[in-house]
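Participant: What follows is a structure written as structure tokens; I'll ask about it next.
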Amino acid sequence: MARVTVESLRREYDAGSVVAVNDLDLEIEDGEFVTVVGPSGCGKTTTLRMLAGLEKPTSGRIEIGDDDVTDVHAKNRNVAMVFQNYALYPHKTVFENMAFGLRMSTDLSESEREQRVVDTAEMMDIEDLLEDRPDELSGGQKQRVALGRAIVREPDLFLFDEPLSNLDAKLRTSMRAEIQRLQNELGITAVYVTHDQHEAMTMGDRIVILDGGELQQQGKPTEVYENPVNEFVAGFVGSPSMNFVDVAVEPTGDRLRLTGPDGGFEFELSGAYVGRHREELDSSRYTLGIRPENVRIADGGGSNTITAAIDVVEPVGSDNFLHLDVSNEFIARVDSDVGLEPGDRVTLTFDESDVHLFDPETGRNVL
Ligand code: ADP
Ligand code: MG
């Protein structure tokens with residue numbers, strides 16, 4: 001396995017009119033499982049293809065292990081890629097599909113190669129399928145074979161491009177667990193691309209968030225969840241999305257008063273919390289961000305509460321999502337025992353430590 005360094009990696013298309021990847025810097029530690037997530041078209045596949053050597057960077061550098069591989073051909077990189085559509089050879093058996101990549105390893109004898117395929121097939125629980133052809137396999141089996149074919153080569157780096165997108169929800173969950181098991185057992189270094197923030201958050205040691213070809217934030221999933229650097233990341237990570245409300249911000253003594261749309265609510269942030277950022281809060285309008293799970297029903301009215309009508313009650317197991325009439329879409333996640341109905345008015349509150357404030361111009365999180 002190997003560490004990976006990406007420096008100012010850039011890929012333009014159409015004579016520079018499309019910047020698919022915009023000067024990306026990444027460090028991936030040996031044995032680390034990094035998930036890359038972002039909306040469709042944000043540059044995930046292009047990044048992976050450059051790591052694999054299938055796409056030439058417009059500029060920038062890629063190191064795998066101690067080698068600068070920027071100009072090294074794909075077949076000399078010892079990198080394995082697993083795709084959404086499995087990319088198995090249709091006319092070869094499972095055994096042949098898995099053995100094919102090994103043929104390039106000239107230092108293995110025929111019988112050593114055979115043994116490696118059989119051992120890997122056992123690890124992937126596909127040893128009974130070795131004589132089958134891809135069209136005889138289910139989607140889940142095909143993806144196991146694709147994984148086995150990658151693993152058998154013992155690559156320095158695994159690249160996954162939305163490998164579970166074609167599987168149904170139940171199979172996706174079990175394959176996720178399977179990939180995590182393999183990661184733990186084999187200590188693989190992997191870059192795993194997905195558009196599914198839940199998958200990225202649950203699988204990654206570290207999560208990298210892209211938008212428009214640009215790195216937005218990277219870090220441990222909990223860090224990114226708790227301290228999103230901007231409104232895009234805040235809205236992208238977590239489900240349902242963070243609530244956003246336009247507020248007017250006004251300093252009052254050592255506090256900061258936030259006033260919601262049409263004066264609908266007031267919320268005060270204490271000086272200790274705001275002090276270190278006071279000088280930055282020079283514009284009077286911000287976007288307040290609060291996650292649905294951080295909103296709770298208040299004991300009574302009073303300061304730091306919002307009162308709103310319930311539009312929809314959406315049951316999710318032991319909780320309900322209350323869709324509230326606060327301006328934009330605003331959701332509170334509350335215990336379903338509370339027994340509220342559409343049309344009811346509720347008074348809600350939240351802790352100041354859970355509040356985010358975003359600059360409406362730049363999107364930057366200023367708290
Ligand atoms: P993702 O995998 O995140 O959906 P891609 O890396 O496939 O995104 O694409 C990033 C951007 O680059 C998109 O705007 C896409 O249209 C563009 N792009 C990708 N490949 C090509 C290409 N071969 N020619 C022109 N534009 C491309
Ligand atoms: Mg893609």
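Chain labels A, B, ... are given in the sequence in which chains occur in the structure tokens; within each chain residues are numbered consecutively from 1, and ligands are likewise numbered from 1 in the order shown.
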Quick one: residues within 6 Å of ligand 1, with only C-alpha atoms and all ligand atoms, as a list of chain:residue names?
Facilitator: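 Those within range of ligand 1 are A:Tyr13, A:Asp14, A:Ala20, A:Ser40, A:Gly41, A:Cys42, A:Gly43, A:Lys44, A:Thr45, A:Thr46.
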Participant: What parts of range 136-270 of chain A does DSSP call strand (DSSP E or B)? I'd like the answer as a PyMOL selection string.
Facilitator: chain A and resi 157-161+190-194+206-211+214-219+230+243-252+255-259+265-269
Participant: Could you give me, as a PyMOL selection string, every polymer residue with an atom at most 12 Å away from an atom of ligand 2, counting only C-alpha atoms and all ligand atoms?
Facilitator: chain A and resi 20+36-49+83-85+160-163+165+192-196+210+213
Participant: Any idea what's packed within 8 Å of Val313 in chain A, counting only C-alpha atoms, ignoring anything in its chain fewer than 6 positions away? Could you give it as a ChimeraX atom specification?
Facilitator: /A:320-323,340-342
Participant: Kindly give the distance, in Å, that separates CA of Arg181 in chain A and CA of Val94 in chain A, rounded to a single decimal.
Facilitator: 21.9 Å
Participant: In Å, rounded to a single decimal, give me how far CA of Gly31 in chain A is from CA of Arg144 in chain A.
Facilitator: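 A separation of 21.0 Å between them.
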Participant: According to DSSP computed on the backbone, where in range 56-242 of chain A is there alpha helix (DSSP H)? Give the residues as a PyMOL selection string.
Facilitator: chain A and resi 94-100+110-123+139-152+169-186+197-203+221-226+231-236
Participant: What would the file look like if the residues just selected were written as a short mmCIF file (atom, residue, chain, number, x, y, z; two decimals), in the first residue's frame with C-alpha atoms?
Facilitator:
```cif
data_model
loop_
_atom_site.label_atom_id
_atom_site.label_comp_id
_atom_site.auth_asym_id
_atom_site.auth_seq_id
_atom_site.Cartn_x
_atom_site.Cartn_y
_atom_site.Cartn_z
CA VAL A 94 -15.11 -15.28 -13.28
CA PHE A 95 -11.79 -17.10 -12.87
CA GLU A 96 -10.46 -15.65 -16.12
CA ASN A 97 -11.72 -12.18 -15.26
CA MET A 98 -9.85 -12.29 -11.98
CA ALA A 99 -6.71 -13.89 -13.40
CA PHE A 100 -6.51 -11.51 -16.34
CA GLU A 110 0.98 -20.20 -13.34
CA SER A 111 0.14 -22.14 -10.18
CA GLU A 112 0.86 -19.17 -7.90
CA ARG A 113 -1.52 -17.10 -9.97
CA GLU A 114 -4.19 -19.76 -9.78
CA GLN A 115 -3.76 -19.99 -6.01
CA ARG A 116 -4.06 -16.21 -5.61
CA VAL A 117 -7.33 -16.19 -7.58
CA VAL A 118 -8.77 -19.05 -5.54
CA ASP A 119 -7.73 -17.48 -2.22
CA THR A 120 -9.24 -14.15 -3.18
CA ALA A 121 -12.43 -15.81 -4.42
CA GLU A 122 -12.78 -17.51 -1.04
CA MET A 123 -12.26 -14.22 0.76
CA GLY A 139 -25.62 -7.42 -9.74
CA GLY A 140 -24.25 -8.06 -6.26
CA GLN A 141 -22.23 -11.06 -7.46
CA LYS A 142 -20.82 -9.06 -10.36
CA GLN A 143 -19.67 -6.35 -7.98
CA ARG A 144 -18.03 -8.98 -5.75
CA VAL A 145 -16.16 -10.30 -8.77
CA ALA A 146 -15.11 -6.77 -9.74
CA LEU A 147 -13.84 -6.25 -6.19
CA GLY A 148 -12.09 -9.61 -6.21
CA ARG A 149 -10.43 -8.77 -9.51
CA ALA A 150 -9.09 -5.56 -7.97
CA ILE A 151 -7.92 -7.21 -4.75
CA VAL A 152 -6.16 -10.15 -6.38
CA ALA A 169 -30.70 -0.36 -1.13
CA LYS A 170 -30.42 -3.56 0.88
CA LEU A 171 -27.54 -4.94 -1.17
CA ARG A 172 -25.84 -1.58 -1.08
CA THR A 173 -25.81 -1.67 2.71
CA SER A 174 -24.32 -5.16 2.84
CA MET A 175 -21.70 -4.35 0.17
CA ARG A 176 -20.72 -1.24 2.11
CA ALA A 177 -20.09 -3.39 5.16
CA GLU A 178 -18.19 -5.84 2.99
CA ILE A 179 -15.91 -3.17 1.57
CA GLN A 180 -15.27 -1.87 5.07
CA ARG A 181 -14.40 -5.37 6.25
CA LEU A 182 -11.91 -5.76 3.40
CA GLN A 183 -10.47 -2.36 4.15
CA ASN A 184 -9.91 -3.36 7.78
CA GLU A 185 -8.47 -6.77 6.93
CA LEU A 186 -6.22 -5.66 4.10
CA GLN A 197 -23.27 11.94 1.39
CA HIS A 198 -24.54 9.24 3.77
CA GLU A 199 -22.27 6.67 2.15
CA ALA A 200 -19.34 9.09 2.23
CA MET A 201 -19.91 9.98 5.88
CA THR A 202 -20.30 6.40 7.10
CA MET A 203 -17.48 4.81 5.11
CA PRO A 221 -16.81 13.01 8.98
CA THR A 222 -17.72 14.30 12.45
CA GLU A 223 -15.50 17.39 12.04
CA VAL A 224 -17.09 18.26 8.74
CA TYR A 225 -20.56 17.64 10.14
CA GLU A 226 -19.99 19.81 13.20
CA GLU A 231 -23.12 26.93 3.40
CA PHE A 232 -22.61 24.44 0.58
CA VAL A 233 -20.95 21.87 2.86
CA ALA A 234 -23.45 22.56 5.65
CA GLY A 235 -26.35 21.85 3.30
CA PHE A 236 -24.75 18.89 1.56
#
```
Participant: Which residues, written as a PyMOL selection string, have at least one atom at most 10 Å from Ser353 in chain A, with only C-alpha atoms counted and residues fewer than 6 positions away on the same chain left out?
Facilitator: chain A and resi 269-270+273+290+294+367
Participant: Keeping only N, CA and C atoms, take the residues you just selected and write them out as a compact mmCIF listing (two decimals), in the first residue's frame.
Facilitator:
```txt
# COMPACT_ATOMS: atom_id res chain seq x y z
N LEU A 269 -27.14 35.46 20.61
CA LEU A 269 -25.91 34.71 20.84
C LEU A 269 -25.12 35.46 21.90
N SER A 270 -24.59 34.72 22.89
CA SER A 270 -23.91 35.40 23.99
C SER A 270 -22.52 35.86 23.56
N TYR A 273 -19.52 33.56 23.04
CA TYR A 273 -19.57 32.76 21.83
C TYR A 273 -19.20 33.57 20.60
N ILE A 290 -29.20 25.79 11.19
CA ILE A 290 -29.42 24.93 12.37
C ILE A 290 -29.90 23.56 11.86
N ASN A 294 -31.04 19.37 15.97
CA ASN A 294 -30.66 20.27 17.05
C ASN A 294 -31.80 21.21 17.45
N LEU A 367 -18.99 31.63 12.25
CA LEU A 367 -18.91 31.31 13.69
C LEU A 367 -17.91 30.20 13.93
```
Participant: Using only C-alpha atoms, pick whichever of A:Leu324, A:Ile310, A:Val18, A:Ile28 has the shortest atom-to-atom distance to Gly204 in chain A.
Facilitator: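 The answer is A:Ile28, which sits nearest to Gly204 in chain A.
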Participant: Any idea what's packed within 12 Å of Asn304 in chain A, counting only C-alpha atoms, ignoring anything in its chain fewer than 3 positions away? Could you give it as a list in words?
Facilitator: Leu256, Arg257, Leu258, Thr259, Gly260, Gly264, Phe265, Glu266, Phe267, Glu268, Leu269, Ser270, Val295, Arg296, Ile297, Ala298, Asp299, Gly300, Gly301, Thr307, Thr347, Leu348, Thr349, Phe350, Asp351, Glu352 and Val355 of chain A
Participant: Could those residues be written to a file, using C-alpha atoms, as a PDB file, in the first residue's frame?
Facilitator:
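Okay, this is what ended up in again13.pdb:
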```pdb
ATOM      1  CA  LEU A 256     -25.588  39.495  19.065  1.00  0.00           C
ATOM      2  CA  ARG A 257     -29.258  39.630  18.234  1.00  0.00           C
ATOM      3  CA  LEU A 258     -30.475  37.619  15.265  1.00  0.00           C
ATOM      4  CA  THR A 259     -33.887  38.545  13.933  1.00  0.00           C
ATOM      5  CA  GLY A 260     -35.744  36.195  11.628  1.00  0.00           C
ATOM      6  CA  GLY A 264     -40.825  36.132  13.249  1.00  0.00           C
ATOM      7  CA  PHE A 265     -38.274  35.246  15.908  1.00  0.00           C
ATOM      8  CA  GLU A 266     -35.348  36.600  17.833  1.00  0.00           C
ATOM      9  CA  PHE A 267     -32.328  34.704  18.949  1.00  0.00           C
ATOM     10  CA  GLU A 268     -29.436  36.058  20.992  1.00  0.00           C
ATOM     11  CA  LEU A 269     -25.913  34.707  20.842  1.00  0.00           C
ATOM     12  CA  SER A 270     -23.906  35.395  23.991  1.00  0.00           C
ATOM     13  CA  VAL A 295     -34.107  21.892  17.113  1.00  0.00           C
ATOM     14  CA  ARG A 296     -36.300  20.916  20.054  1.00  0.00           C
ATOM     15  CA  ILE A 297     -39.682  21.825  21.459  1.00  0.00           C
ATOM     16  CA  ALA A 298     -39.406  24.616  24.041  1.00  0.00           C
ATOM     17  CA  ASP A 299     -41.004  24.427  27.486  1.00  0.00           C
ATOM     18  CA  GLY A 300     -42.632  27.793  27.027  1.00  0.00           C
ATOM     19  CA  GLY A 301     -42.321  31.001  25.032  1.00  0.00           C
ATOM     20  CA  THR A 307     -43.060  29.831  17.058  1.00  0.00           C
ATOM     21  CA  THR A 347     -42.569  26.834  20.013  1.00  0.00           C
ATOM     22  CA  LEU A 348     -39.066  25.633  19.298  1.00  0.00           C
ATOM     23  CA  THR A 349     -35.612  26.394  20.554  1.00  0.00           C
ATOM     24  CA  PHE A 350     -32.000  25.367  20.072  1.00  0.00           C
ATOM     25  CA  ASP A 351     -28.607  25.821  21.706  1.00  0.00           C
ATOM     26  CA  GLU A 352     -26.367  28.625  20.546  1.00  0.00           C
ATOM     27  CA  VAL A 355     -26.037  27.694  15.465  1.00  0.00           C
TER      28      VAL A 355
END
```
Participant: Looking at A:Arg10, A:Arg3, A:Arg61, A:Arg345, which one is nearest to Glu29 in chain A, with distances taken over only C-alpha atoms?
Facilitator: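 Among the listed residues, the smallest separation from Glu29 in chain A belongs to A:Arg3.
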Participant: Find the residue from A:Ile331, A:Val34, A:Leu108, A:Ile209 that sits nearest to Ser241 in chain A; use only C-alpha atoms when measuring.
Facilitator: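 Among the listed residues, A:Ile331 lies closest to Ser241 in chain A.
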Participant: Show me, as a PDB file with N, CA and C atoms, in the first residue's frame, the residues that have an atom within 7 Å of Leu26 in chain A when counting only C-alpha atoms, minus same-chain residues fewer than 3 positions from it.
Facilitator:
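Output saved as part_34.pdb:
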```pdb
ATOM      1  N   THR A   5      -0.073  11.685  -2.837  1.00  0.00           N
ATOM      2  CA  THR A   5      -0.034  13.144  -2.751  1.00  0.00           C
ATOM      3  C   THR A   5      -0.498  13.733  -4.085  1.00  0.00           C
ATOM      4  N   VAL A   6      -1.452  14.629  -3.999  1.00  0.00           N
ATOM      5  CA  VAL A   6      -1.964  15.309  -5.189  1.00  0.00           C
ATOM      6  C   VAL A   6      -1.701  16.796  -5.001  1.00  0.00           C
ATOM      7  N   GLU A   7      -1.027  17.408  -5.964  1.00  0.00           N
ATOM      8  CA  GLU A   7      -0.661  18.822  -5.838  1.00  0.00           C
ATOM      9  C   GLU A   7      -1.188  19.630  -7.007  1.00  0.00           C
TER      10      GLU A   7
END
```
Participant: Between CA of Ala308 in chain A and CA of Val326 in chain A, what distance in Å does the model show, to one decimal?
Facilitator: 6.1 Å
